[in-house]
file protein-v2.txt (compact mmCIF, C-alpha atoms and all ligand atoms)
# COMPACT_ATOMS: atom_id res chain seq x y z
CA MET A 1470 41.28 -54.88 30.80
CA LYS A 1471 44.88 -54.15 29.91
CA ARG A 1472 45.76 -52.26 26.77
CA ALA A 1473 47.60 -53.93 23.93
CA LYS A 1474 50.99 -52.43 23.30
CA ILE A 1475 53.37 -52.73 20.37
CA ILE A 1476 56.64 -54.25 21.59
CA GLY A 1477 58.38 -54.71 18.24
CA THR A 1478 57.94 -53.56 14.67
CA GLY A 1479 59.37 -54.65 11.35
CA ALA A 1480 59.20 -53.60 7.73
CA TYR A 1481 60.38 -55.03 4.47
CA ALA A 1482 60.22 -53.89 0.88
CA PRO A 1483 61.44 -55.90 -2.10
CA LYS A 1484 64.83 -54.90 -3.50
CA ARG A 1485 63.59 -54.02 -6.96
CA ILE A 1486 62.83 -50.29 -7.33
CA LEU A 1487 60.55 -48.83 -9.98
CA THR A 1488 61.16 -45.11 -10.48
CA ASN A 1489 58.93 -42.57 -12.17
CA ALA A 1490 61.47 -42.55 -15.01
CA ASP A 1491 60.93 -46.31 -15.44
CA LEU A 1492 57.17 -45.74 -15.63
CA GLU A 1493 57.65 -43.04 -18.28
CA LYS A 1494 58.91 -45.83 -20.52
CA MET A 1495 55.84 -47.98 -19.84
CA VAL A 1496 52.85 -45.61 -20.03
CA GLU A 1497 52.06 -42.06 -21.16
CA THR A 1498 53.09 -40.30 -17.96
CA ASN A 1499 55.91 -38.22 -16.58
CA ASP A 1500 57.82 -37.70 -13.38
CA ALA A 1501 56.46 -34.18 -12.84
CA TRP A 1502 52.81 -35.34 -13.10
CA ILE A 1503 53.33 -38.26 -10.74
CA GLN A 1504 55.16 -36.17 -8.15
CA GLN A 1505 52.74 -33.29 -8.36
CA ARG A 1506 49.58 -35.40 -8.20
CA SER A 1507 50.67 -38.12 -5.80
CA GLY A 1508 54.00 -37.16 -4.19
CA ILE A 1509 55.51 -40.48 -5.27
CA ARG A 1510 59.09 -40.65 -6.60
CA GLU A 1511 59.73 -44.37 -6.51
CA ARG A 1512 58.27 -47.61 -5.23
CA HIS A 1513 59.42 -51.18 -4.57
CA ILE A 1514 57.98 -54.09 -6.48
CA VAL A 1515 58.45 -57.85 -6.23
CA ASP A 1516 60.45 -59.80 -8.76
CA GLU A 1517 59.17 -62.99 -10.42
CA SER A 1518 60.26 -65.18 -7.51
CA GLU A 1519 58.61 -63.19 -4.69
CA ALA A 1520 55.09 -63.18 -3.28
CA THR A 1521 53.28 -61.54 -0.38
CA SER A 1522 54.23 -64.16 2.22
CA ASP A 1523 57.95 -63.65 1.48
CA LEU A 1524 57.62 -59.96 2.30
CA ALA A 1525 55.45 -60.72 5.35
CA LEU A 1526 57.99 -63.21 6.65
CA ASN A 1527 60.85 -60.70 6.50
CA ALA A 1528 58.83 -58.03 8.29
CA ALA A 1529 57.67 -60.55 10.91
CA ARG A 1530 61.22 -61.75 11.62
CA GLN A 1531 62.37 -58.20 12.20
CA ALA A 1532 59.41 -57.43 14.49
CA LEU A 1533 60.15 -60.55 16.57
CA GLU A 1534 63.81 -59.65 16.82
CA ARG A 1535 62.96 -56.13 17.98
CA ALA A 1536 60.54 -57.57 20.53
CA ASN A 1537 63.24 -59.96 21.75
CA LEU A 1538 61.00 -62.92 21.07
CA VAL A 1539 61.24 -66.20 19.21
CA PRO A 1540 58.50 -67.57 16.91
CA GLU A 1541 57.34 -70.03 19.62
CA ASP A 1542 56.29 -67.03 21.73
CA ILE A 1543 53.56 -66.02 19.29
CA ASP A 1544 49.98 -67.07 20.14
CA PHE A 1545 48.09 -65.77 17.12
CA ILE A 1546 48.78 -64.27 13.68
CA VAL A 1547 46.59 -61.82 11.82
CA VAL A 1548 47.51 -60.62 8.35
CA GLY A 1549 45.89 -57.74 6.50
CA THR A 1550 46.31 -58.32 2.77
CA THR A 1551 44.51 -57.73 -0.51
CA THR A 1552 47.01 -59.82 -2.43
CA PRO A 1553 47.48 -63.19 -0.71
CA ASP A 1554 49.85 -65.61 -2.44
CA MET A 1555 46.73 -67.53 -3.49
CA PHE A 1556 43.07 -67.79 -2.41
CA PHE A 1557 44.06 -70.36 0.18
CA PRO A 1558 45.98 -71.30 2.24
CA SER A 1559 46.17 -67.86 3.80
CA VAL A 1560 49.32 -65.80 4.13
CA GLY A 1561 48.83 -66.24 7.88
CA ASN A 1562 49.04 -70.03 7.48
CA ILE A 1563 52.14 -69.78 5.33
CA VAL A 1564 53.84 -67.39 7.76
CA GLN A 1565 52.91 -69.58 10.76
CA HIS A 1566 54.75 -72.52 9.22
CA ARG A 1567 57.69 -70.75 7.60
CA LEU A 1568 58.38 -68.61 10.65
CA GLY A 1569 58.42 -71.72 12.85
CA CYS A 1570 55.52 -70.85 15.14
CA ARG A 1571 53.59 -73.38 17.19
CA ARG A 1572 50.24 -74.56 15.76
CA VAL A 1573 48.66 -71.24 16.63
CA GLY A 1574 45.65 -69.72 14.91
CA SER A 1575 46.31 -67.54 11.91
CA VAL A 1576 44.04 -65.62 9.63
CA ASP A 1577 44.05 -63.20 6.71
CA LEU A 1578 41.67 -60.31 6.64
CA LEU A 1579 40.76 -58.24 3.66
CA ALA A 1580 40.15 -54.57 4.30
CA ALA A 1581 42.20 -53.36 1.30
CA CYS A 1582 44.37 -50.37 2.26
CA ALA A 1583 42.72 -50.20 5.68
CA GLY A 1584 44.14 -53.66 6.41
CA SER A 1585 46.77 -52.12 8.68
CA ILE A 1586 44.34 -50.52 11.12
CA TYR A 1587 41.97 -53.50 10.86
CA SER A 1588 44.64 -56.12 11.58
CA LEU A 1589 46.18 -54.11 14.40
CA ASN A 1590 42.82 -53.51 16.05
CA ILE A 1591 41.64 -57.10 15.69
CA GLY A 1592 44.96 -58.37 17.03
CA ALA A 1593 44.66 -55.95 19.95
CA LYS A 1594 41.28 -57.38 20.98
CA PHE A 1595 42.83 -60.80 21.66
CA ILE A 1596 45.35 -59.15 23.97
CA GLU A 1597 42.78 -56.92 25.70
CA THR A 1598 40.51 -59.86 26.49
CA GLY A 1599 43.45 -61.78 27.90
CA LYS A 1600 42.94 -64.63 25.43
CA TYR A 1601 46.48 -64.43 24.03
CA LYS A 1602 49.76 -63.11 25.39
CA ARG A 1603 51.41 -62.18 22.11
CA VAL A 1604 49.84 -61.49 18.76
CA LEU A 1605 51.73 -60.97 15.53
CA CYS A 1606 49.96 -58.41 13.34
CA ILE A 1607 51.10 -58.05 9.74
CA GLY A 1608 50.14 -55.94 6.74
CA ALA A 1609 51.56 -57.30 3.51
CA GLU A 1610 50.95 -56.64 -0.15
CA ALA A 1611 52.25 -57.45 -3.58
CA LEU A 1612 49.90 -54.96 -5.23
CA SER A 1613 52.06 -54.93 -8.35
CA ARG A 1614 50.66 -58.43 -9.01
CA ILE A 1615 47.17 -56.97 -9.52
CA THR A 1616 48.37 -53.78 -11.21
CA ASP A 1617 47.66 -53.18 -14.88
CA PHE A 1618 50.93 -51.71 -16.13
CA THR A 1619 49.08 -50.28 -19.15
CA ASP A 1620 46.74 -48.23 -16.88
CA ARG A 1621 48.51 -45.01 -15.93
CA GLY A 1622 45.77 -44.16 -13.43
CA THR A 1623 46.83 -46.99 -11.11
CA CYS A 1624 50.29 -48.24 -12.08
CA VAL A 1625 52.04 -45.10 -10.89
CA LEU A 1626 50.53 -45.50 -7.42
CA LEU A 1627 50.41 -49.14 -6.31
CA ALA A 1628 53.42 -50.94 -4.85
CA ASP A 1629 54.67 -53.75 -2.64
CA ALA A 1630 55.88 -54.04 0.97
CA ALA A 1631 55.14 -55.60 4.34
CA GLY A 1632 55.13 -54.36 7.89
CA ALA A 1633 54.56 -56.10 11.20
CA ALA A 1634 53.94 -55.36 14.86
CA VAL A 1635 54.05 -57.68 17.86
CA LEU A 1636 51.45 -56.93 20.53
CA GLU A 1637 51.58 -57.74 24.22
CA ALA A 1638 49.56 -56.59 27.25
CA SER A 1639 50.78 -53.28 28.61
CA GLU A 1640 51.76 -53.01 32.25
CA ASP A 1641 52.19 -49.24 32.36
CA GLY A 1642 49.04 -47.90 30.70
CA SER A 1643 50.74 -47.23 27.37
CA GLY A 1644 49.48 -48.92 24.20
CA ILE A 1645 46.41 -48.78 21.99
CA ILE A 1646 43.93 -46.47 23.68
CA ASP A 1647 41.13 -46.87 21.16
CA ALA A 1648 40.42 -47.75 17.53
CA ASP A 1649 37.44 -47.47 15.20
CA LEU A 1650 36.72 -49.49 12.09
CA TYR A 1651 34.21 -48.51 9.41
CA SER A 1652 32.99 -49.71 6.05
CA ASP A 1653 30.53 -48.62 3.37
CA GLY A 1654 30.00 -50.96 0.44
CA GLN A 1655 28.17 -48.36 -1.63
CA TYR A 1656 31.58 -47.28 -2.89
CA ALA A 1657 32.61 -50.79 -3.97
CA ASP A 1658 32.84 -49.95 -7.67
CA LEU A 1659 35.23 -47.04 -7.20
CA LEU A 1660 38.13 -49.31 -6.35
CA ILE A 1661 37.79 -52.94 -7.27
CA MET A 1662 39.42 -56.01 -8.73
CA PRO A 1663 36.41 -57.61 -10.42
CA GLY A 1664 37.85 -60.89 -11.68
CA GLY A 1665 39.09 -64.09 -10.10
CA GLY A 1666 36.51 -64.52 -7.34
CA ALA A 1667 33.20 -66.37 -7.20
CA ARG A 1668 31.41 -63.61 -9.15
CA HIS A 1669 33.73 -63.73 -12.14
CA PRO A 1670 35.96 -66.79 -11.85
CA ALA A 1671 39.08 -66.73 -13.99
CA THR A 1672 38.33 -67.59 -17.62
CA ARG A 1673 40.00 -66.67 -20.86
CA GLU A 1674 37.34 -63.94 -21.22
CA THR A 1675 38.02 -62.39 -17.80
CA VAL A 1676 41.73 -62.36 -18.55
CA ASP A 1677 41.17 -60.77 -21.96
CA ALA A 1678 38.96 -58.15 -20.30
CA ARG A 1679 41.78 -57.41 -17.82
CA MET A 1680 39.45 -58.13 -14.91
CA HIS A 1681 42.27 -59.44 -12.71
CA TYR A 1682 43.70 -55.98 -12.22
CA ALA A 1683 42.77 -53.26 -9.73
CA LYS A 1684 40.44 -50.68 -11.30
CA MET A 1685 40.09 -47.27 -9.76
CA LYS A 1686 38.08 -44.11 -10.31
CA GLY A 1687 40.90 -42.04 -8.86
CA SER A 1688 39.45 -38.59 -8.46
CA GLU A 1689 36.22 -39.96 -6.90
CA VAL A 1690 38.23 -42.10 -4.49
CA PHE A 1691 40.27 -39.03 -3.65
CA LYS A 1692 37.29 -36.96 -2.53
CA VAL A 1693 35.66 -39.66 -0.41
CA ALA A 1694 39.03 -40.62 1.07
CA VAL A 1695 39.72 -37.13 2.41
CA ARG A 1696 36.25 -36.95 3.94
CA MET A 1697 36.62 -40.35 5.63
CA PHE A 1698 40.10 -39.58 6.93
CA VAL A 1699 38.83 -36.38 8.52
CA ASP A 1700 35.65 -37.99 9.91
CA CYS A 1701 37.33 -40.92 11.59
CA VAL A 1702 40.16 -38.83 13.02
CA GLU A 1703 37.81 -36.18 14.42
CA THR A 1704 35.52 -38.84 15.89
CA ILE A 1705 38.23 -40.68 17.79
CA LEU A 1706 39.86 -37.46 19.00
CA ALA A 1707 36.54 -36.02 20.18
CA ARG A 1708 35.69 -39.20 22.11
CA HIS A 1709 38.86 -38.76 24.13
CA GLY A 1710 38.57 -35.01 24.50
CA LEU A 1711 41.70 -34.50 22.40
CA GLY A 1712 42.54 -31.92 19.76
CA PRO A 1713 45.29 -31.73 17.14
CA ASP A 1714 47.63 -30.09 19.69
CA ASP A 1715 47.54 -33.25 21.79
CA ILE A 1716 48.82 -35.43 18.94
CA ASP A 1717 52.59 -35.88 18.72
CA LEU A 1718 52.59 -37.80 15.45
CA PHE A 1719 49.97 -38.70 12.86
CA ILE A 1720 50.79 -41.78 10.79
CA PRO A 1721 48.31 -41.95 7.93
CA HIS A 1722 47.92 -44.53 5.18
CA GLN A 1723 50.35 -43.51 2.46
CA ALA A 1724 48.17 -43.36 -0.64
CA ASN A 1725 48.82 -39.90 -1.95
CA LEU A 1726 50.62 -36.90 -0.46
CA ARG A 1727 47.77 -34.60 -1.52
CA ILE A 1728 45.20 -36.69 0.34
CA ILE A 1729 47.40 -36.68 3.45
CA GLU A 1730 47.96 -32.92 3.23
CA ALA A 1731 44.28 -32.14 2.63
CA ALA A 1732 43.16 -34.34 5.54
CA ALA A 1733 45.83 -32.99 7.91
CA LYS A 1734 44.88 -29.42 7.06
CA ARG A 1735 41.19 -29.99 7.72
CA VAL A 1736 41.90 -31.69 11.02
CA GLY A 1737 44.26 -28.86 12.00
CA LEU A 1738 47.44 -30.94 12.13
CA PRO A 1739 50.60 -29.24 10.84
CA MET A 1740 52.61 -31.38 8.39
CA ALA A 1741 55.51 -31.31 10.87
CA LYS A 1742 53.41 -33.72 12.95
CA VAL A 1743 52.58 -36.00 10.02
CA PHE A 1744 54.78 -38.90 8.97
CA VAL A 1745 55.18 -39.25 5.22
CA ASN A 1746 57.11 -41.83 3.22
CA VAL A 1747 54.81 -42.20 0.22
CA ASP A 1748 57.55 -40.57 -1.88
CA ARG A 1749 59.73 -43.69 -1.51
CA TYR A 1750 57.12 -46.45 -1.27
CA GLY A 1751 53.99 -45.45 -3.17
CA ASN A 1752 50.74 -46.99 -1.98
CA THR A 1753 51.53 -50.30 -0.28
CA GLY A 1754 47.97 -50.99 0.86
CA ALA A 1755 47.66 -52.87 4.14
CA ALA A 1756 51.42 -52.56 4.71
CA SER A 1757 51.67 -48.80 4.59
CA VAL A 1758 50.91 -47.73 8.17
CA TYR A 1759 53.09 -50.54 9.59
CA VAL A 1760 56.00 -49.56 7.33
CA ALA A 1761 55.54 -45.89 8.20
CA LEU A 1762 55.46 -46.68 11.93
CA GLU A 1763 58.66 -48.69 11.66
CA GLU A 1764 60.37 -45.84 9.77
CA ALA A 1765 59.06 -43.23 12.20
CA LEU A 1766 60.55 -45.23 15.10
CA ALA A 1767 63.86 -45.67 13.29
CA ALA A 1768 63.97 -41.93 12.59
CA GLY A 1769 63.42 -41.12 16.28
CA ARG A 1770 60.05 -39.49 15.58
CA VAL A 1771 58.29 -41.54 18.28
CA LYS A 1772 59.24 -41.22 21.93
CA LYS A 1773 58.00 -42.88 25.09
CA GLY A 1774 54.75 -41.27 26.20
CA ASP A 1775 53.93 -39.77 22.77
CA THR A 1776 50.33 -39.76 21.60
CA ILE A 1777 50.20 -41.35 18.16
CA LEU A 1778 47.27 -41.22 15.80
CA MET A 1779 46.96 -43.58 12.85
CA ALA A 1780 44.33 -43.71 10.11
CA ALA A 1781 43.82 -45.62 6.88
CA PHE A 1782 41.23 -46.01 4.15
CA GLY A 1783 40.88 -48.18 1.10
CA GLY A 1784 38.73 -50.13 -1.32
CA GLY A 1785 35.41 -51.35 -0.08
CA PHE A 1786 35.35 -48.72 1.23
CA ALA A 1787 36.90 -49.72 4.52
CA TRP A 1788 38.59 -47.24 6.82
CA GLY A 1789 39.48 -46.60 10.42
CA ALA A 1790 41.63 -44.84 12.98
CA ALA A 1791 43.64 -45.85 16.01
CA LEU A 1792 44.94 -43.83 18.94
CA MET A 1793 48.00 -44.96 20.86
CA GLN A 1794 50.17 -43.88 23.70
CA TRP A 1795 53.72 -45.00 23.05
O1 LIG B 1801 44.56 -46.47 -0.90
C1 LIG B 1801 43.42 -45.96 -1.51
C2 LIG B 1801 43.55 -46.06 -2.95
N1 LIG B 1801 43.63 -45.01 -3.83
C3 LIG B 1801 43.88 -43.71 -3.67
O2 LIG B 1801 44.00 -43.18 -2.61
C4 LIG B 1801 43.96 -42.89 -4.90
C5 LIG B 1801 43.09 -41.70 -4.84
N2 LIG B 1801 43.23 -40.86 -6.00
C6 LIG B 1801 44.36 -40.24 -6.36
O3 LIG B 1801 45.38 -40.39 -5.73
C7 LIG B 1801 44.32 -39.28 -7.52
O4 LIG B 1801 42.97 -39.14 -7.94
C8 LIG B 1801 45.19 -39.72 -8.72
C9 LIG B 1801 46.65 -39.56 -8.37
C10 LIG B 1801 44.86 -41.14 -9.10
C11 LIG B 1801 44.90 -38.82 -9.91
O5 LIG B 1801 45.05 -37.47 -9.58
P1 LIG B 1801 43.91 -36.42 -9.95
O6 LIG B 1801 44.44 -35.11 -9.60
O7 LIG B 1801 42.64 -36.86 -9.30
O8 LIG B 1801 43.83 -36.54 -11.52
P2 LIG B 1801 42.60 -36.97 -12.45
O9 LIG B 1801 42.28 -38.41 -12.27
O10 LIG B 1801 41.51 -35.96 -12.30
O11 LIG B 1801 43.26 -36.80 -13.86
C12 LIG B 1801 43.72 -35.53 -14.36
C13 LIG B 1801 44.33 -35.77 -15.74
C14 LIG B 1801 43.43 -36.59 -16.65
O12 LIG B 1801 43.59 -36.06 -17.95
P3 LIG B 1801 42.47 -35.08 -18.58
O13 LIG B 1801 41.22 -35.88 -18.57
O14 LIG B 1801 42.44 -33.90 -17.66
O15 LIG B 1801 43.02 -34.79 -19.92
C15 LIG B 1801 44.05 -37.96 -16.60
O16 LIG B 1801 43.79 -38.71 -17.76
O17 LIG B 1801 45.55 -36.50 -15.62
C16 LIG B 1801 45.51 -37.64 -16.48
N3 LIG B 1801 46.28 -38.72 -15.88
C17 LIG B 1801 47.61 -38.81 -16.01
N4 LIG B 1801 48.51 -38.06 -16.66
C18 LIG B 1801 49.81 -38.42 -16.59
C19 LIG B 1801 45.85 -39.73 -15.10
N5 LIG B 1801 46.88 -40.49 -14.73
C20 LIG B 1801 47.98 -39.94 -15.27
C21 LIG B 1801 49.35 -40.28 -15.23
N6 LIG B 1801 50.22 -39.49 -15.90
N7 LIG B 1801 49.81 -41.33 -14.56

call {"tool": "encode", "arguments": {"input": "protein-v2.txt", "output": "structure tokens", "more": "lines below"}}
Ligand code: UT7
result
Amino acid sequence: MKRAKIIGTGAYAPKRILTNADLEKMVETNDAWIQQRSGIRERHIVDESEATSDLALNAARQALERANLVPEDIDFIVVGTTTPDMFFPSVGNIVQHRLGCRRVGSVDLLAACAGSIYSLNIGAKFIETGKYKRVLCIGAEALSRITDFTDRGTCVLLADAAGAAVLEASEDGSGIIDADLYSDGQYADLLIMPGGGARHPATRETVDARMHYAKMKGSEVFKVAVRMFVDCVETILARHGLGPDDIDLFIPHQANLRIIEAAAKRVGLPMAKVFVNVDRYGNTGAASVYVALEEALAAGRVKKGDTILMAAFGGGFAWGAALMQW
């Protein structure tokens, strides 16, 4: 079985920037609190005309260009998203058509902020089994569309972006070495958008009760998140007989700088080996690891042969880690 290898990455964030100063005018908060508690300075959010598939499309085009491929080369599309344009058709369907792909399979998967690791790993399986030659993996979110801009506990964190990676079979042993996916639904209520689905379909009452927004018990999420980050990272490293010294770069889900720092410290990874861009993007859910990977590559932080560790967690809870040799 050949490994799946990333041959092109892309990232896109909407032009509109929301700074902490902007948020000060919307809710009872301040720049110092936001920076101190989350590490976020600014984030990108969609304007009225944009939706998740628009962001996904831009990231996908860039990833194809970097991979030196055309849309007809893609055999399958998998999109991690919590905020599809609509219930159906899927973002994958929309991207397949708008990108100009053949009539290939496409699917959305919902693993909240772990949608990056989930989509990458699921895409990789199709390559590893030899079923498809090239898979387009995308993480895309317009989280601002489900953000309650009167709730200071969430609106300072959530944001919009998309990232993409094209996978192909590796000929030289590089690529995705291993990945683990986990979930535990006992934490469902800690981070949830309760309205709009089959349990609470949209009615005037659900709208009045603000049930179509993400609700979060932040400090509880924080504690579990650090534990899960550490667990999944230690498990995958141990399975391969690796320690923190063997990792060249750790690319974690960008939810909160303090979560990243706490997890890195417990795992024994110095921050010099951790890629952080949460300051400029906020929490972009399923997009975050893809966007961070693209920025890490652009910044020259990833070199041929490097051992890269990625991990993400999010609502559900769903979480996971992936180990790669670049
Ligand atoms: O991708 C996964 C999704 N989510 C996450 O990873 C988020 C995980 N959680 C967090 O990032 C943090 O818990 C937060 C950034 C949400 C909050 O930080 P915290 O250090 O856990 O603060 P806290 O919730 O314990 O709140 C401390 C205080 C509270 O006031 P009192 O009760 O001490 O008077 C909050 O009401 O800070 C208050 N507060 C705020 N103050 C100013 C909460 N949000 C804000 C705000 N601005 N935006």

call {"tool": "residues_near_ligand", "arguments": {"input": "protein-v2.txt", "ligand": "ligand LIG 1801 (chain B)", "cutoff": "9 Å", "atoms": "all atoms listed in the file", "output": "NGL selection string"}}
result
:A and (1492-1493 or 1496-1503 or 1505-1508 or 1581-1583 or 1620-1627 or 1660 or 1685-1695 or 1722-1728 or 1752-1755 or 1781-1784 or 1786)

call {"tool": "closest_residue", "arguments": {"input": "protein-v2.txt", "among": "A:Ala1536, A:Glu1519, A:Met1697, A:Arg1512", "to": "Ala1490 (chain A)", "atoms": "all atoms listed in the file"}}
result
A:Arg1512

call {"tool": "closest_residue", "arguments": {"input": "protein-v2.txt", "among": "A:Thr1776, A:Asn1746, A:Thr1521, A:Thr1704", "to": "Thr1550 (chain A)", "atoms": "all atoms listed in the file"}}
result
A:Thr1521

call {"tool": "atom_distance", "arguments": {"input": "protein-v2.txt", "atom1": "CA of Pro1739 (chain A)", "atom2": "CA of Ala1780 (chain A)"}}
result
15.8 Å

call {"tool": "residues_around", "arguments": {"input": "protein-v2.txt", "residues": "region 1649-1651 of chain A", "least_positions_apart": "2", "cutoff": "6 Å", "atoms": "only C-alpha atoms", "output": "PyMOL selection string"}}
result
chain A and resi 1787-1790

call {"tool": "decode", "arguments": {"input": "protein-v2.txt", "residues": "region 1594-1612 of chain A", "atoms": "N, CA and C atoms", "output": "PDB file, in the first residue's frame"}}
result
ATOM      1  N   LYS A1594      -7.357   7.559   2.560  1.00  0.00           N
ATOM      2  CA  LYS A1594      -7.698   6.125   2.455  1.00  0.00           C
ATOM      3  C   LYS A1594      -7.985   5.737   0.999  1.00  0.00           C
ATOM      4  N   PHE A1595      -8.631   6.617   0.249  1.00  0.00           N
ATOM      5  CA  PHE A1595      -8.936   6.316  -1.152  1.00  0.00           C
ATOM      6  C   PHE A1595      -7.657   6.210  -1.999  1.00  0.00           C
ATOM      7  N   ILE A1596      -6.647   6.964  -1.593  1.00  0.00           N
ATOM      8  CA  ILE A1596      -5.360   6.885  -2.297  1.00  0.00           C
ATOM      9  C   ILE A1596      -4.635   5.598  -1.888  1.00  0.00           C
ATOM     10  N   GLU A1597      -4.608   5.345  -0.575  1.00  0.00           N
ATOM     11  CA  GLU A1597      -3.877   4.179  -0.063  1.00  0.00           C
ATOM     12  C   GLU A1597      -4.417   2.871  -0.643  1.00  0.00           C
ATOM     13  N   THR A1598      -5.727   2.786  -0.803  1.00  0.00           N
ATOM     14  CA  THR A1598      -6.311   1.549  -1.336  1.00  0.00           C
ATOM     15  C   THR A1598      -6.142   1.449  -2.848  1.00  0.00           C
ATOM     16  N   GLY A1599      -5.701   2.521  -3.462  1.00  0.00           N
ATOM     17  CA  GLY A1599      -5.514   2.512  -4.912  1.00  0.00           C
ATOM     18  C   GLY A1599      -6.791   2.804  -5.692  1.00  0.00           C
ATOM     19  N   LYS A1600      -7.860   3.107  -4.971  1.00  0.00           N
ATOM     20  CA  LYS A1600      -9.149   3.358  -5.628  1.00  0.00           C
ATOM     21  C   LYS A1600      -9.084   4.607  -6.527  1.00  0.00           C
ATOM     22  N   TYR A1601      -8.497   5.672  -5.991  1.00  0.00           N
ATOM     23  CA  TYR A1601      -8.408   6.918  -6.760  1.00  0.00           C
ATOM     24  C   TYR A1601      -6.959   7.392  -6.855  1.00  0.00           C
ATOM     25  N   LYS A1602      -6.677   8.120  -7.948  1.00  0.00           N
ATOM     26  CA  LYS A1602      -5.318   8.636  -8.135  1.00  0.00           C
ATOM     27  C   LYS A1602      -5.107   9.975  -7.446  1.00  0.00           C
ATOM     28  N   ARG A1603      -6.153  10.817  -7.523  1.00  0.00           N
ATOM     29  CA  ARG A1603      -6.013  12.144  -6.916  1.00  0.00           C
ATOM     30  C   ARG A1603      -7.283  12.547  -6.199  1.00  0.00           C
ATOM     31  N   VAL A1604      -7.110  12.895  -4.942  1.00  0.00           N
ATOM     32  CA  VAL A1604      -8.257  13.298  -4.123  1.00  0.00           C
ATOM     33  C   VAL A1604      -8.050  14.741  -3.664  1.00  0.00           C
ATOM     34  N   LEU A1605      -9.119  15.513  -3.797  1.00  0.00           N
ATOM     35  CA  LEU A1605      -9.095  16.901  -3.343  1.00  0.00           C
ATOM     36  C   LEU A1605      -9.753  16.968  -1.965  1.00  0.00           C
ATOM     37  N   CYS A1606      -8.948  17.300  -0.954  1.00  0.00           N
ATOM     38  CA  CYS A1606      -9.457  17.417   0.414  1.00  0.00           C
ATOM     39  C   CYS A1606      -9.577  18.905   0.745  1.00  0.00           C
ATOM     40  N   ILE A1607     -10.696  19.260   1.339  1.00  0.00           N
ATOM     41  CA  ILE A1607     -10.945  20.677   1.632  1.00  0.00           C
ATOM     42  C   ILE A1607     -11.487  20.801   3.055  1.00  0.00           C
ATOM     43  N   GLY A1608     -11.110  21.872   3.724  1.00  0.00           N
ATOM     44  CA  GLY A1608     -11.764  22.257   4.983  1.00  0.00           C
ATOM     45  C   GLY A1608     -12.249  23.674   4.774  1.00  0.00           C
ATOM     46  N   ALA A1609     -13.541  23.909   4.956  1.00  0.00           N
ATOM     47  CA  ALA A1609     -14.065  25.242   4.645  1.00  0.00           C
ATOM     48  C   ALA A1609     -15.163  25.619   5.624  1.00  0.00           C
ATOM     49  N   GLU A1610     -15.122  26.854   6.062  1.00  0.00           N
ATOM     50  CA  GLU A1610     -16.123  27.300   7.041  1.00  0.00           C
ATOM     51  C   GLU A1610     -16.490  28.763   6.840  1.00  0.00           C
ATOM     52  N   ALA A1611     -17.769  29.027   7.056  1.00  0.00           N
ATOM     53  CA  ALA A1611     -18.225  30.403   7.259  1.00  0.00           C
ATOM     54  C   ALA A1611     -18.871  30.412   8.646  1.00  0.00           C
ATOM     55  N   LEU A1612     -18.014  30.232   9.662  1.00  0.00           N
ATOM     56  CA  LEU A1612     -18.535  30.117  11.033  1.00  0.00           C
ATOM     57  C   LEU A1612     -19.233  31.396  11.499  1.00  0.00           C
TER      58      LEU A1612
END
